[in-house]
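This report refers to the structure that appears directly beneath it.
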Amino acid sequence: MSVTITIENNEKYIDENKPELIETEIYDCQCVDFSEDGNPVSTCSTCRGEGTVSFTNYPYEFNIANGNFSTLWNSLGFDFDYCGELDPRTILKAIKRTPVALIEKQTTEDNEEGKAHIINCGIDTEQANYYLIELVRICAEAEKREEKVYWG
């Protein structure tokens, strides 16, 4: 699971004011890979027999794994919740006072005999910086629009 951080009414705003910023990614559907003849499957519920799927990417949206979002949000001094809203200035102030090292966490591995092998992926410096850069970008735009930052 994951959490998406964005600006209130972001998609509507972009559709109406900056549609040129919308990106569409097109991928081959997995049904092609798994079909016996290498052709799209007419009954595929994902591509509906087309053989490709597309994803629309809006700017000012950032998706992050639940555990990493929890680490990021707690590091910034906010209470973790899977959804919510904040004024972008509040987030920007928190980013300014938060050292990147607080966001970093080590990868851990649990491999007890007789139990599932679990790897908890950490957050390295580069990834922590990326999270902050994306968050600043979203907050700066939200501040310009006088909108709140939402996550969920």
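The chains in the structure tokens are called A, B, ... from first to last as shown; in each chain the residues are counted from 1, and the ligands are counted from 1 in the order shown.
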Surrounding residues of Glu85 in chain A excluding itself and chain neighbours under 3 positions, 7 Å, only C-alpha atoms, as a ChimeraX atom specification | /A:148-151
Write the residues of the preceding selection, restricted to C-alpha atoms, as a compact mmCIF listing (two decimals), in the first residue's frame.
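For reference, out_0.txt as written:
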```
# COMPACT_ATOMS: atom_id res chain seq x y z
CA LYS A 148 -3.94 22.79 1.19
CA VAL A 149 -1.72 19.76 0.80
CA TYR A 150 -3.63 16.50 1.01
CA TRP A 151 -2.50 12.93 1.47
```
What are the DSSP helix (DSSP H, G or I) residues of chain A, as a ChimeraX atom specification?
-> /A:10-17,19-21,30-34,66-75,88-97,100-102,125-145
With C-alpha atoms kept, could you save the residues just selected as a PDB file, in the first residue's frame?
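The resulting file, result.pdb, is shown below:
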```pdb
ATOM      1  CA  ASN A  10      -4.872  19.249  -8.277  1.00  0.00           C
ATOM      2  CA  GLU A  11      -6.195  17.210 -11.195  1.00  0.00           C
ATOM      3  CA  LYS A  12      -9.015  19.666 -11.918  1.00  0.00           C
ATOM      4  CA  TYR A  13      -6.605  22.614 -11.732  1.00  0.00           C
ATOM      5  CA  ILE A  14      -4.096  20.963 -14.090  1.00  0.00           C
ATOM      6  CA  ASP A  15      -6.844  19.858 -16.522  1.00  0.00           C
ATOM      7  CA  GLU A  16      -8.165  23.422 -16.712  1.00  0.00           C
ATOM      8  CA  ASN A  17      -4.946  25.454 -16.520  1.00  0.00           C
ATOM      9  CA  PRO A  19      -2.968  20.280 -19.460  1.00  0.00           C
ATOM     10  CA  GLU A  20       0.406  20.248 -21.223  1.00  0.00           C
ATOM     11  CA  LEU A  21       1.974  19.077 -17.926  1.00  0.00           C
ATOM     12  CA  GLN A  30       0.845  -8.558 -18.934  1.00  0.00           C
ATOM     13  CA  CYS A  31      -1.784 -10.594 -20.763  1.00  0.00           C
ATOM     14  CA  VAL A  32       0.432 -10.424 -23.865  1.00  0.00           C
ATOM     15  CA  ASP A  33       3.387 -11.876 -21.947  1.00  0.00           C
ATOM     16  CA  PHE A  34       1.303 -14.717 -20.559  1.00  0.00           C
ATOM     17  CA  ASN A  66       3.059   3.561   3.790  1.00  0.00           C
ATOM     18  CA  GLY A  67       6.042   2.786   6.007  1.00  0.00           C
ATOM     19  CA  ASN A  68       8.212   5.428   4.371  1.00  0.00           C
ATOM     20  CA  PHE A  69       5.415   7.987   4.607  1.00  0.00           C
ATOM     21  CA  SER A  70       5.093   7.214   8.318  1.00  0.00           C
ATOM     22  CA  THR A  71       8.835   7.708   8.791  1.00  0.00           C
ATOM     23  CA  LEU A  72       8.828  10.940   6.775  1.00  0.00           C
ATOM     24  CA  TRP A  73       5.783  12.392   8.521  1.00  0.00           C
ATOM     25  CA  ASN A  74       6.985  11.506  12.012  1.00  0.00           C
ATOM     26  CA  SER A  75      10.450  12.914  11.211  1.00  0.00           C
ATOM     27  CA  PRO A  88       1.703  24.010   2.890  1.00  0.00           C
ATOM     28  CA  ARG A  89       3.475  26.675   4.969  1.00  0.00           C
ATOM     29  CA  THR A  90       3.305  24.377   8.000  1.00  0.00           C
ATOM     30  CA  ILE A  91       4.981  21.590   6.037  1.00  0.00           C
ATOM     31  CA  LEU A  92       7.638  23.924   4.603  1.00  0.00           C
ATOM     32  CA  LYS A  93       8.539  25.176   8.104  1.00  0.00           C
ATOM     33  CA  ALA A  94       8.876  21.574   9.282  1.00  0.00           C
ATOM     34  CA  ILE A  95      11.132  20.714   6.335  1.00  0.00           C
ATOM     35  CA  LYS A  96      13.442  23.662   7.123  1.00  0.00           C
ATOM     36  CA  ARG A  97      13.979  22.501  10.703  1.00  0.00           C
ATOM     37  CA  VAL A 100      17.748  14.680   6.466  1.00  0.00           C
ATOM     38  CA  ALA A 101      19.359  12.201   8.852  1.00  0.00           C
ATOM     39  CA  LEU A 102      16.084  11.998  10.813  1.00  0.00           C
ATOM     40  CA  THR A 125      20.216   9.773   2.131  1.00  0.00           C
ATOM     41  CA  GLU A 126      19.450  10.095  -1.584  1.00  0.00           C
ATOM     42  CA  GLN A 127      15.904   8.802  -1.119  1.00  0.00           C
ATOM     43  CA  ALA A 128      15.302  11.023   1.930  1.00  0.00           C
ATOM     44  CA  ASN A 129      16.471  14.059  -0.030  1.00  0.00           C
ATOM     45  CA  TYR A 130      14.212  13.095  -2.940  1.00  0.00           C
ATOM     46  CA  TYR A 131      11.214  12.926  -0.584  1.00  0.00           C
ATOM     47  CA  LEU A 132      11.985  16.418   0.721  1.00  0.00           C
ATOM     48  CA  ILE A 133      12.517  17.870  -2.761  1.00  0.00           C
ATOM     49  CA  GLU A 134       9.185  16.487  -3.970  1.00  0.00           C
ATOM     50  CA  LEU A 135       7.426  17.703  -0.854  1.00  0.00           C
ATOM     51  CA  VAL A 136       8.885  21.210  -1.213  1.00  0.00           C
ATOM     52  CA  ARG A 137       7.826  21.295  -4.878  1.00  0.00           C
ATOM     53  CA  ILE A 138       4.245  20.315  -3.989  1.00  0.00           C
ATOM     54  CA  CYS A 139       4.070  22.740  -1.062  1.00  0.00           C
ATOM     55  CA  ALA A 140       5.442  25.653  -3.091  1.00  0.00           C
ATOM     56  CA  GLU A 141       2.806  25.091  -5.774  1.00  0.00           C
ATOM     57  CA  ALA A 142       0.040  24.655  -3.182  1.00  0.00           C
ATOM     58  CA  GLU A 143       1.104  27.907  -1.556  1.00  0.00           C
ATOM     59  CA  LYS A 144       0.909  29.717  -4.938  1.00  0.00           C
ATOM     60  CA  ARG A 145      -2.587  28.347  -5.489  1.00  0.00           C
TER      61      ARG A 145
END
```
Of A:Asp28, A:Asp79, A:Asp110, A:Glu23, the one sitting nearest Gly49 in chain A when using only C-alpha atoms is A:Asp28
Find the residues around Ile22 in chain A up to 8 Å (only C-alpha atoms counted), leave out those fewer than 4 positions away in its own chain, and share them as a ChimeraX atom specification.
-> /A:14,18,56-59
Take the residues that were just selected and, keeping N, CA and C atoms, output them as a tab-separated table (two decimals), in the first residue's frame.
```
chain	number	residue	atom	x	y	z
A	14	ILE	N	-5.00	21.26	-12.98
A	14	ILE	CA	-4.10	20.96	-14.09
A	14	ILE	C	-4.89	20.79	-15.38
A	18	LYS	N	-3.22	23.79	-16.98
A	18	LYS	CA	-1.91	23.37	-17.48
A	18	LYS	C	-1.94	21.95	-18.02
A	56	THR	N	-2.03	7.84	-16.43
A	56	THR	CA	-1.94	9.29	-16.51
A	56	THR	C	-1.23	9.80	-15.27
A	57	ASN	N	-0.19	10.58	-15.49
A	57	ASN	CA	0.59	11.14	-14.39
A	57	ASN	C	0.40	12.65	-14.34
A	58	TYR	N	-0.09	13.12	-13.22
A	58	TYR	CA	-0.27	14.56	-13.01
A	58	TYR	C	0.92	15.09	-12.22
A	59	PRO	N	1.35	16.31	-12.54
A	59	PRO	CA	2.41	16.91	-11.72
A	59	PRO	C	1.85	17.25	-10.34
```
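Among the candidate residues A:Thr107, A:Asn39, A:Ile7, A:Gly152, the one lying nearest to Cys83 in chain A is A:Gly152, with distances computed using only C-alpha atoms.
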Would you please give, as JSON, numbers by chain, all residues of chain A that DSSP assigns to strand (DSSP E or B) based on the backbone?
-> {"A": [2, 3, 4, 5, 6, 7, 23, 24, 25, 26, 27, 28, 52, 53, 54, 55, 56, 57, 61, 62, 63, 64, 65, 84, 85, 86, 105, 108, 109, 110, 118, 119, 120, 123, 149, 150, 151]}
Point out the residue among A:Ser42, A:Ser35, A:Thr24, A:Gln106 with the least atom-to-atom distance to Phe55 in chain A, counting only C-alpha atoms.
-> A:Thr24
Selected residue of minimal separation from Thr4 in chain A among A:Glu147, A:Glu61, A:Glu25, A:Glu36, counting only C-alpha atoms = A:Glu61
Skip Thr52 in chain A itself and residues of its chain fewer than 6 positions away, then list as a ChimeraX atom specification all residues within 7 Å of it, counting only C-alpha atoms.
-> /A:26-29
Residues of the last selection are to be written out with C-alpha atoms, as a JSON list (two decimals), in the first residue's frame.
```
[["chain", "number", "residue", "atom", "x", "y", "z"],
["A", 26, "ILE", "CA", 1.82, 3.37, -22.08],
["A", 27, "TYR", "CA", 2.93, -0.16, -21.26],
["A", 28, "ASP", "CA", 2.40, -3.58, -22.76],
["A", 29, "CYS", "CA", -0.25, -5.46, -20.81]]
```
May I ask which of the residues A:Glu113, A:Thr6, A:Phe78, A:Leu86 is the closest one to Thr98 in chain A, counting only C-alpha atoms?
-> A:Phe78
